[in-house]
>>> print(open('data_20.pdb').read())   # PDB, C-alpha atoms
ATOM      1  CA  GLU A1427     282.933 -78.780 177.312
ATOM      2  CA  ILE A1428     285.214 -76.707 179.532
ATOM      3  CA  GLY A1429     286.333 -73.438 178.011
ATOM      4  CA  ASP A1430     287.172 -74.207 174.402
ATOM      5  CA  ASP A1431     288.054 -77.846 175.139
ATOM      6  CA  VAL A1432     285.682 -80.755 174.652
ATOM      7  CA  PHE A1433     286.133 -83.835 176.861
ATOM      8  CA  SER A1434     284.619 -87.295 176.792
ATOM      9  CA  LEU A1435     282.983 -88.553 179.999
ATOM     10  CA  SER A1436     285.996 -90.814 180.469
ATOM     11  CA  GLU A1437     288.365 -87.837 180.210
ATOM     12  CA  LEU A1438     286.262 -85.793 182.646
ATOM     13  CA  GLU A1439     286.324 -88.588 185.212
ATOM     14  CA  SER A1440     289.859 -89.869 184.796
ATOM     15  CA  LEU A1441     291.745 -86.715 183.910
ATOM     16  CA  VAL A1442     289.839 -83.741 185.315
ATOM     17  CA  ILE A1443     287.943 -84.973 188.387
ATOM     18  CA  ARG A1444     290.522 -87.577 189.401
ATOM     19  CA  GLY A1445     293.168 -85.008 188.532
ATOM     20  CA  LYS A1446     296.402 -85.927 190.229
ATOM     21  CA  THR A1447     295.250 -89.297 191.580
ATOM     22  CA  ARG A1448     296.983 -92.407 190.331
ATOM     23  CA  ARG A1449     296.035 -94.083 187.080
ATOM     24  CA  PRO A1450     293.919 -97.240 187.179
ATOM     25  CA  SER A1451     295.516-100.677 187.316
ATOM     26  CA  ARG A1452     294.056-103.739 185.573
ATOM     27  CA  ILE A1453     291.220-101.735 184.067
ATOM     28  CA  SER A1454     288.254-103.647 182.653
ATOM     29  CA  LEU A1455     284.617-102.912 181.970
ATOM     30  CA  PRO A1456     282.669-101.113 183.342
ATOM     31  CA  PHE A1457     285.732 -98.942 184.034
ATOM     32  CA  VAL A1458     287.033 -97.006 181.037
ATOM     33  CA  ALA A1459     290.504 -95.595 180.520
ATOM     34  CA  PRO A1460     290.858 -92.160 178.919
ATOM     35  CA  PRO A1461     292.742 -91.771 175.636
ATOM     36  CA  LYS A1462     296.487 -91.900 176.297
ATOM     37  CA  LYS A1463     297.188 -88.927 174.025
ATOM     38  CA  SER A1464     294.787 -86.605 175.827
ATOM     39  CA  MET A1465     296.702 -83.684 177.354
ATOM     40  CA  ALA A1466     294.230 -80.782 177.196
ATOM     41  CA  TYR A1467     293.029 -81.661 180.683
ATOM     42  CA  ILE A1468     296.221 -80.538 182.438
ATOM     43  CA  ILE A1469     295.047 -76.961 183.022
ATOM     44  CA  TYR A1470     291.682 -78.214 184.384
ATOM     45  CA  ALA A1471     292.825 -81.212 186.458
ATOM     46  CA  LEU A1472     292.057 -80.937 190.155
ATOM     47  CA  ASP A1473     295.197 -80.605 192.268
ATOM     48  CA  ALA A1474     293.814 -82.230 195.392
ATOM     49  CA  THR A1475     293.717 -85.997 195.619
ATOM     50  CA  ASP A1476     291.231 -87.828 197.805
ATOM     51  CA  TYR A1477     290.669 -91.584 197.751
ATOM     52  CA  ARG A1478     286.994 -90.982 198.591
ATOM     53  CA  ILE A1479     286.348 -89.861 195.007
ATOM     54  CA  ASN A1480     286.353 -93.574 194.140
ATOM     55  CA  PHE A1481     283.148 -93.997 196.147
ATOM     56  CA  VAL A1482     281.464 -90.838 194.836
ATOM     57  CA  LEU A1483     281.813 -91.374 191.082
ATOM     58  CA  ASN A1484     279.112 -93.735 189.854
ATOM     59  CA  ASN A1485     279.463 -95.737 186.644
ATOM     60  CA  GLY A1486     275.877 -96.984 186.874
ATOM     61  CA  ASP A1487     276.560-100.688 187.282
ATOM     62  CA  THR A1488     274.247-102.577 189.609
ATOM     63  CA  HIS A1489     276.909-102.874 192.327
ATOM     64  CA  TYR A1490     276.679 -99.091 192.730
ATOM     65  CA  PRO A1491     273.861 -97.217 194.472
ATOM     66  CA  THR A1492     271.017 -95.893 192.343
ATOM     67  CA  GLN A1493     271.711 -92.411 193.732
ATOM     68  CA  VAL A1494     274.321 -89.972 192.474
ATOM     69  CA  PRO A1495     275.482 -87.291 194.904
ATOM     70  CA  VAL A1496     275.078 -83.674 193.869
ATOM     71  CA  LEU A1497     277.711 -81.830 195.863
ATOM     72  CA  THR A1498     277.595 -78.274 197.154
ATOM     73  CA  GLU A1499     280.637 -76.277 198.143
ATOM     74  CA  GLN A1500     279.380 -75.469 201.663
ATOM     75  CA  THR A1501     278.928 -79.082 202.808
ATOM     76  CA  MET A1502     281.018 -80.998 200.279
ATOM     77  CA  ASP A1503     283.216 -82.844 202.766
ATOM     78  CA  ASP A1504     280.213 -84.098 204.756
ATOM     79  CA  GLN A1505     278.385 -85.000 201.542
ATOM     80  CA  ILE A1506     281.376 -87.008 200.300
ATOM     81  CA  ASP A1507     281.513 -88.887 203.606
ATOM     82  CA  ALA A1508     277.779 -89.621 203.349
ATOM     83  CA  ALA A1509     278.194 -90.805 199.747
ATOM     84  CA  CYS A1510     281.065 -93.097 200.828
ATOM     85  CA  GLN A1511     278.931 -94.590 203.567
ATOM     86  CA  ASN A1512     276.013 -95.040 201.136
ATOM     87  CA  PHE A1513     278.293 -96.682 198.554
ATOM     88  CA  LEU A1514     280.052 -99.068 200.949
ATOM     89  CA  LEU A1515     276.862-100.066 202.756
ATOM     90  CA  ASN A1516     276.173-102.970 200.384
ATOM     91  CA  GLN A1517     279.614-103.337 198.848
ATOM     92  CA  VAL A1518     281.672-104.854 201.652
ATOM     93  CA  GLU A1519     281.181-108.509 202.522
ATOM     94  CA  ILE A1520     282.713-110.095 205.619
ATOM     95  CA  ASP A1521     283.133-113.829 206.182
ATOM     96  CA  THR A1522     284.622-114.254 209.660
ATOM     97  CA  GLN A1523     284.728-118.062 209.270
ATOM     98  CA  LYS A1524     287.004-117.758 206.243
ATOM     99  CA  SER A1525     288.741-114.582 207.544
ATOM    100  CA  THR A1526     287.839-112.863 204.279
ATOM    101  CA  VAL A1527     286.685-109.359 203.429
ATOM    102  CA  VAL A1528     285.409-108.568 199.932
ATOM    103  CA  LEU A1529     285.794-104.944 198.837
ATOM    104  CA  PRO A1530     284.266-103.210 195.808
ATOM    105  CA  LYS A1531     286.046-103.621 192.473
ATOM    106  CA  VAL A1532     286.822 -99.886 192.393
ATOM    107  CA  CYS A1533     289.250-100.494 195.295
ATOM    108  CA  ASP A1534     291.179-102.894 193.057
ATOM    109  CA  VAL A1535     291.081-100.771 189.894
ATOM    110  CA  TYR A1536     292.191 -97.610 191.726
ATOM    111  CA  LYS A1537     294.142 -99.369 194.481
ATOM    112  CA  ASN A1538     297.043 -96.950 194.197
ATOM    113  CA  ASP A1539     294.769 -94.179 195.504
ATOM    114  CA  PHE A1540     294.668 -96.109 198.788
ATOM    115  CA  GLY A1541     298.179 -96.111 200.238
ATOM    116  CA  ASN A1542     300.238 -97.192 197.218
ATOM    117  CA  GLY A1543     298.169-100.279 196.528
ATOM    118  CA  ASP A1544     298.320-101.777 200.026
ATOM    119  CA  VAL A1545     295.013-103.640 200.438
ATOM    120  CA  ILE A1546     295.155-103.421 204.238
ATOM    121  CA  VAL A1547     295.440 -99.624 204.021
ATOM    122  CA  CYS A1548     292.485 -99.623 201.616
ATOM    123  CA  LEU A1549     290.480-101.797 203.985
ATOM    124  CA  SER A1550     291.353 -99.511 206.895
ATOM    125  CA  GLN A1551     290.202 -96.450 204.956
ATOM    126  CA  CYS A1552     286.873 -98.137 204.140
ATOM    127  CA  LEU A1553     286.401 -99.193 207.751
ATOM    128  CA  ARG A1554     285.199 -95.833 209.060
ATOM    129  CA  TYR A1555     282.227 -95.852 206.667
ATOM    130  CA  LEU A1556     280.882 -99.230 207.803
ATOM    131  CA  ASP A1557     278.442 -99.884 210.608
ATOM    132  CA  VAL A1558     279.851-100.630 214.068
ATOM    133  CA  GLY A1559     279.257-104.381 213.845
ATOM    134  CA  ASP A1560     281.198-104.636 210.581
ATOM    135  CA  GLN A1561     283.948-102.397 211.968
ATOM    136  CA  LEU A1562     284.380-104.691 214.968
ATOM    137  CA  SER A1563     284.398-107.855 212.830
ATOM    138  CA  ILE A1564     287.063-106.463 210.523
ATOM    139  CA  ALA A1565     289.087-105.052 213.430
ATOM    140  CA  GLU A1566     289.177-108.521 215.002
ATOM    141  CA  LEU A1567     290.387-110.058 211.720
ATOM    142  CA  LEU A1568     293.060-107.354 211.410
ATOM    143  CA  GLU A1569     294.215-107.870 215.004
ATOM    144  CA  ASN A1570     294.557-111.611 214.417
ATOM    145  CA  GLY A1571     296.543-110.932 211.242
ATOM    146  CA  THR A1572     294.461-113.471 209.366
ATOM    147  CA  VAL A1573     292.415-111.305 207.038
ATOM    148  CA  SER A1574     292.334-112.052 203.334
ATOM    149  CA  VAL A1575     291.111-109.176 201.153
ATOM    150  CA  LYS A1576     289.390-109.941 197.865
ATOM    151  CA  PHE A1577     287.540-107.781 195.360
ATOM    152  CA  ARG A1578     284.100-108.088 193.830
ATOM    153  CA  SER A1579     283.860-109.093 190.224
ATOM    154  CA  PRO A1580     282.717-106.238 188.002
ATOM    155  CA  SER A1581     279.067-106.225 187.082
ATOM    156  CA  ASP A1582     277.906-106.401 183.486
ATOM    157  CA  GLN A1583     274.438-105.168 184.450
ATOM    158  CA  PHE A1584     273.537-101.501 184.706
ATOM    159  CA  HIS A1585     270.806 -99.476 186.412
ATOM    160  CA  THR A1586     268.120 -98.245 184.028
ATOM    161  CA  HIS A1587     268.038 -94.854 185.778
ATOM    162  CA  LEU A1588     269.789 -92.976 188.560
ATOM    163  CA  THR A1589     268.485 -90.338 190.964
ATOM    164  CA  SER A1590     270.207 -87.626 192.957
ATOM    165  CA  PHE A1591     271.455 -88.517 196.429
ATOM    166  CA  ASP A1592     269.756 -86.660 199.287
ATOM    167  CA  SER A1593     272.378 -84.071 200.228
ATOM    168  CA  SER A1594     270.710 -83.380 203.578
ATOM    169  CA  TYR A1595     271.858 -86.808 204.793
ATOM    170  CA  VAL A1596     274.794 -86.474 207.162
ATOM    171  CA  PHE A1597     277.459 -89.122 207.655
ATOM    172  CA  SER A1598     277.615 -90.511 211.169
ATOM    173  CA  PRO A1599     280.807 -92.435 211.972
TER     174      PRO A1599
END
>>> encode(input="data_20.pdb", output="C-alpha coordinates")
Amino acid sequence: EIGDDVFSLSELESLVIRGKTRRPSRISLPFVAPPKKSMAYIIYALDATDYRINFVLNNGDTHYPTQVPVLTEQTMDDQIDAACQNFLLNQVEIDTQKSTVVLPKVCDVYKNDFGNGDVIVCLSQCLRYLDVGDQLSIAELLENGTVSVKFRSPSDQFHTHLTSFDSSYVFSP
(Lines of atoms letter the chains of each structure in order from A and count residues from 1; the text may use other names and numbers.)
(Lines give C-alpha, C1' and ligand atoms only; values in the text may rest on other atoms or scores of the structure.)
Protein backbone atom coordinates (compact mmCIF):
# COMPACT_ATOMS: atom_id res chain seq x y z
CA GLU A 1 0.00 0.00 0.00
CA ILE A 2 1.30 3.44 -0.96
CA GLY A 3 -0.91 6.30 0.12
CA ASP A 4 -4.46 5.20 -0.60
CA ASP A 5 -3.42 2.88 -3.44
CA VAL A 6 -2.90 -0.85 -3.06
CA PHE A 7 -0.43 -2.57 -5.40
CA SER A 8 0.37 -6.20 -6.09
CA LEU A 9 4.02 -7.27 -5.81
CA SER A 10 4.11 -7.42 -9.60
CA GLU A 11 2.87 -3.83 -9.85
CA LEU A 12 5.39 -2.64 -7.26
CA GLU A 13 8.26 -4.24 -9.16
CA SER A 14 7.23 -3.55 -12.73
CA LEU A 15 5.47 -0.22 -12.42
CA VAL A 16 6.82 1.57 -9.35
CA ILE A 17 10.40 0.35 -8.82
CA ARG A 18 11.16 -0.18 -12.51
CA GLY A 19 9.33 3.08 -13.15
CA LYS A 20 10.34 4.44 -16.51
CA THR A 21 12.41 1.43 -17.60
CA ARG A 22 11.27 -0.52 -20.62
CA ARG A 23 8.61 -3.20 -20.42
CA PRO A 24 9.67 -6.85 -20.46
CA SER A 25 9.94 -8.78 -23.71
CA ARG A 26 9.06 -12.48 -24.02
CA ILE A 27 7.97 -12.70 -20.40
CA SER A 28 7.59 -16.16 -18.88
CA LEU A 29 7.67 -17.63 -15.40
CA PRO A 30 9.17 -16.83 -12.95
CA PHE A 31 8.80 -13.29 -14.33
CA VAL A 32 5.33 -11.79 -13.98
CA ALA A 33 3.82 -8.96 -15.98
CA PRO A 34 1.69 -6.38 -14.17
CA PRO A 35 -1.97 -5.91 -15.13
CA LYS A 36 -2.18 -3.90 -18.35
CA LYS A 37 -4.97 -1.68 -17.01
CA SER A 38 -3.02 -0.58 -13.94
CA MET A 39 -2.43 3.18 -14.06
CA ALA A 40 -2.44 4.22 -10.39
CA TYR A 41 1.32 3.76 -10.28
CA ILE A 42 2.10 6.78 -12.47
CA ILE A 43 2.40 9.23 -9.57
CA TYR A 44 4.68 6.80 -7.66
CA ALA A 45 6.85 5.47 -10.51
CA LEU A 46 10.54 6.23 -10.14
CA ASP A 47 11.79 8.67 -12.78
CA ALA A 48 15.36 7.41 -12.90
CA THR A 49 16.16 4.34 -14.95
CA ASP A 50 19.11 2.11 -14.18
CA TYR A 51 19.75 -1.26 -15.81
CA ARG A 52 21.32 -2.48 -12.55
CA ILE A 53 17.86 -2.80 -10.99
CA ASN A 54 17.57 -6.05 -12.97
CA PHE A 55 20.31 -7.55 -10.80
CA VAL A 56 18.97 -6.18 -7.51
CA LEU A 57 15.36 -7.39 -7.67
CA ASN A 58 15.16 -11.03 -6.64
CA ASN A 59 12.29 -13.29 -7.68
CA GLY A 60 13.53 -16.11 -5.46
CA ASP A 61 14.32 -18.68 -8.14
CA THR A 62 17.37 -20.84 -7.56
CA HIS A 63 19.41 -19.01 -10.22
CA TYR A 64 19.29 -15.94 -7.96
CA PRO A 65 21.34 -15.44 -4.79
CA THR A 66 19.76 -16.38 -1.47
CA GLN A 67 20.42 -12.83 -0.25
CA VAL A 68 18.24 -9.79 -0.89
CA PRO A 69 19.90 -6.39 -0.62
CA VAL A 70 18.47 -3.91 1.85
CA LEU A 71 19.50 -0.53 0.50
CA THR A 72 20.24 2.63 2.44
CA GLU A 73 20.19 6.09 0.94
CA GLN A 74 23.74 6.99 2.03
CA THR A 75 25.48 4.09 0.25
CA MET A 76 22.85 2.98 -2.25
CA ASP A 77 25.00 3.25 -5.37
CA ASP A 78 27.80 1.16 -3.83
CA GLN A 79 25.27 -1.34 -2.47
CA ILE A 80 23.68 -1.73 -5.91
CA ASP A 81 27.10 -2.36 -7.44
CA ALA A 82 27.83 -4.97 -4.76
CA ALA A 83 24.45 -6.62 -5.36
CA CYS A 84 25.16 -6.72 -9.12
CA GLN A 85 28.51 -8.36 -8.51
CA ASN A 86 26.92 -10.86 -6.09
CA PHE A 87 24.15 -11.67 -8.59
CA LEU A 88 26.40 -12.09 -11.64
CA LEU A 89 29.03 -14.11 -9.78
CA ASN A 90 27.34 -17.44 -10.57
CA GLN A 91 25.12 -16.33 -13.43
CA VAL A 92 27.56 -15.79 -16.28
CA GLU A 93 29.05 -18.81 -18.02
CA ILE A 94 31.91 -18.52 -20.52
CA ASP A 95 32.90 -21.21 -23.01
CA THR A 96 35.96 -19.90 -24.86
CA GLN A 97 36.13 -23.05 -27.04
CA LYS A 98 32.64 -22.38 -28.40
CA SER A 99 33.02 -18.56 -28.19
CA THR A 100 29.84 -18.45 -26.12
CA VAL A 101 28.77 -16.41 -23.12
CA VAL A 102 25.59 -17.31 -21.24
CA LEU A 103 23.91 -14.43 -19.40
CA PRO A 104 21.09 -14.57 -16.84
CA LYS A 105 17.53 -14.82 -18.15
CA VAL A 106 16.72 -11.39 -16.69
CA CYS A 107 19.04 -9.89 -19.35
CA ASP A 108 16.79 -11.41 -22.03
CA VAL A 109 13.46 -10.52 -20.41
CA TYR A 110 14.49 -6.90 -19.76
CA LYS A 111 16.95 -6.63 -22.65
CA ASN A 112 15.64 -3.22 -23.65
CA ASP A 113 17.02 -1.81 -20.38
CA PHE A 114 20.48 -2.61 -21.74
CA GLY A 115 21.06 -0.42 -24.79
CA ASN A 116 17.84 -0.99 -26.75
CA GLY A 117 18.11 -4.76 -26.70
CA ASP A 118 21.66 -5.02 -28.05
CA VAL A 119 23.11 -8.16 -26.43
CA ILE A 120 26.69 -6.95 -26.85
CA VAL A 121 25.86 -3.76 -24.93
CA CYS A 122 24.23 -5.90 -22.24
CA LEU A 123 27.30 -8.12 -22.07
CA SER A 124 29.55 -5.07 -21.84
CA GLN A 125 27.50 -3.66 -18.96
CA CYS A 126 27.74 -6.98 -17.08
CA LEU A 127 31.48 -7.17 -17.69
CA ARG A 128 32.52 -4.73 -14.97
CA TYR A 129 30.91 -6.90 -12.27
CA LEU A 130 32.82 -10.07 -13.18
CA ASP A 131 36.18 -11.16 -11.86
CA VAL A 132 39.29 -10.17 -13.82
CA GLY A 133 39.77 -13.59 -15.41
CA ASP A 134 36.22 -13.61 -16.78
CA GLN A 135 36.58 -10.00 -17.94
CA LEU A 136 39.70 -10.89 -19.91
CA SER A 137 38.11 -14.00 -21.46
CA ILE A 138 35.07 -12.06 -22.61
CA ALA A 139 37.18 -9.12 -23.81
CA GLU A 140 39.19 -11.51 -26.00
CA LEU A 141 35.98 -12.96 -27.48
CA LEU A 142 34.66 -9.44 -28.13
CA GLU A 143 37.92 -8.35 -29.77
CA ASN A 144 37.83 -11.37 -32.08
CA GLY A 145 34.22 -10.59 -32.98
CA THR A 146 33.27 -14.21 -32.47
CA VAL A 147 31.19 -14.10 -29.32
CA SER A 148 27.76 -15.68 -29.26
CA VAL A 149 25.52 -14.53 -26.40
CA LYS A 150 22.88 -16.87 -25.04
CA PHE A 151 20.58 -16.71 -22.03
CA ARG A 152 19.95 -19.13 -19.21
CA SER A 153 16.69 -20.99 -19.17
CA PRO A 154 14.40 -19.81 -16.38
CA SER A 155 14.36 -21.94 -13.27
CA ASP A 156 11.20 -23.59 -12.01
CA GLN A 157 12.75 -24.15 -8.58
CA PHE A 158 12.66 -21.56 -5.82
CA HIS A 159 14.64 -20.90 -2.64
CA THR A 160 12.79 -21.90 0.53
CA HIS A 161 13.99 -18.73 2.29
CA LEU A 162 15.98 -15.59 1.59
CA THR A 163 18.20 -13.51 3.87
CA SER A 164 19.31 -9.90 3.75
CA PHE A 165 22.49 -9.10 1.83
CA ASP A 166 25.36 -7.75 3.94
CA SER A 167 25.27 -4.04 3.13
CA SER A 168 28.77 -3.50 4.51
CA TYR A 169 30.18 -5.39 1.52
CA VAL A 170 31.73 -2.99 -0.98
CA PHE A 171 31.97 -3.64 -4.70
CA SER A 172 35.52 -3.81 -6.00
CA PRO A 173 35.84 -3.51 -9.79
>>> resolve_selection(input="data_20.pdb", expression="the PyMOL selection byres ((chain A and resi 1478) around 8)", output="PyMOL selection string")
chain A and resi 1476-1477+1479-1482+1506-1507+1510
>>> resolve_selection(input="data_20.pdb", expression="the PyMOL selection byres ((chain A and resi 1564) around 9)", output="ChimeraX atom specification")
/A:1520,1522,1525-1527,1549-1550,1553,1559-1563,1565-1569,1573
>>> closest_residue(input="data_20.pdb", among="A:Asp1487, A:Gly1571, A:Ala1508, A:Lys1524", to="A:Tyr1555", atoms="all atoms listed in the file")
A:Ala1508
>>> atom_distance(input="data_20.pdb", atom1="atom CA of A:Leu1483", atom2="atom CA of A:Val1496")
10.6 Å
>>> residues_near_point(input="data_20.pdb", point="(298.2, -103.7, 195.6)", cutoff="12 Å", atoms="all atoms listed in the file", output="VMD selection string")
chain A and resid 1450 to 1452 1533 to 1549 1575 to 1577
>>> write_last_selection(input="data_20.pdb", atoms="C-alpha atoms", output="short mmCIF file (atom, residue, chain, number, x, y, z; two decimals), in the coordinates of the input")
data_model
loop_
_atom_site.label_atom_id
_atom_site.label_comp_id
_atom_site.auth_asym_id
_atom_site.auth_seq_id
_atom_site.Cartn_x
_atom_site.Cartn_y
_atom_site.Cartn_z
CA PRO A 1450 293.92 -97.24 187.18
CA SER A 1451 295.52 -100.68 187.32
CA ARG A 1452 294.06 -103.74 185.57
CA CYS A 1533 289.25 -100.49 195.30
CA ASP A 1534 291.18 -102.89 193.06
CA VAL A 1535 291.08 -100.77 189.89
CA TYR A 1536 292.19 -97.61 191.73
CA LYS A 1537 294.14 -99.37 194.48
CA ASN A 1538 297.04 -96.95 194.20
CA ASP A 1539 294.77 -94.18 195.50
CA PHE A 1540 294.67 -96.11 198.79
CA GLY A 1541 298.18 -96.11 200.24
CA ASN A 1542 300.24 -97.19 197.22
CA GLY A 1543 298.17 -100.28 196.53
CA ASP A 1544 298.32 -101.78 200.03
CA VAL A 1545 295.01 -103.64 200.44
CA ILE A 1546 295.15 -103.42 204.24
CA VAL A 1547 295.44 -99.62 204.02
CA CYS A 1548 292.48 -99.62 201.62
CA LEU A 1549 290.48 -101.80 203.98
CA VAL A 1575 291.11 -109.18 201.15
CA LYS A 1576 289.39 -109.94 197.86
CA PHE A 1577 287.54 -107.78 195.36
#
>>> atom_distance(input="data_20.pdb", atom1="atom CA of A:Thr1492", atom2="atom CA of A:Leu1588")
4.9 Å
>>> closest_residue(input="data_20.pdb", among="A:Gln1511, A:Asp1557, A:Asn1516, A:Asp1430", to="A:Tyr1490", atoms="all atoms listed in the file")
A:Asn1516
>>> atom_distance(input="data_20.pdb", atom1="atom CA of A:Val1518", atom2="atom CA of A:Pro1530")
6.6 Å
>>> closest_residue(input="data_20.pdb", among="A:Asp1582, A:Thr1501, A:Tyr1470, A:His1587", to="A:Asp1431", atoms="only C-alpha atoms")
A:Tyr1470
>>> axis_aligned_box(input="data_20.pdb", around="stretch 1540-1543 of chain A", padding_each_side="6 Å", output="AutoDock Vina command-line options")
--center_x 297.5 --center_y -98.2 --center_z 198.4 --size_x 17.6 --size_y 16.2 --size_z 15.7
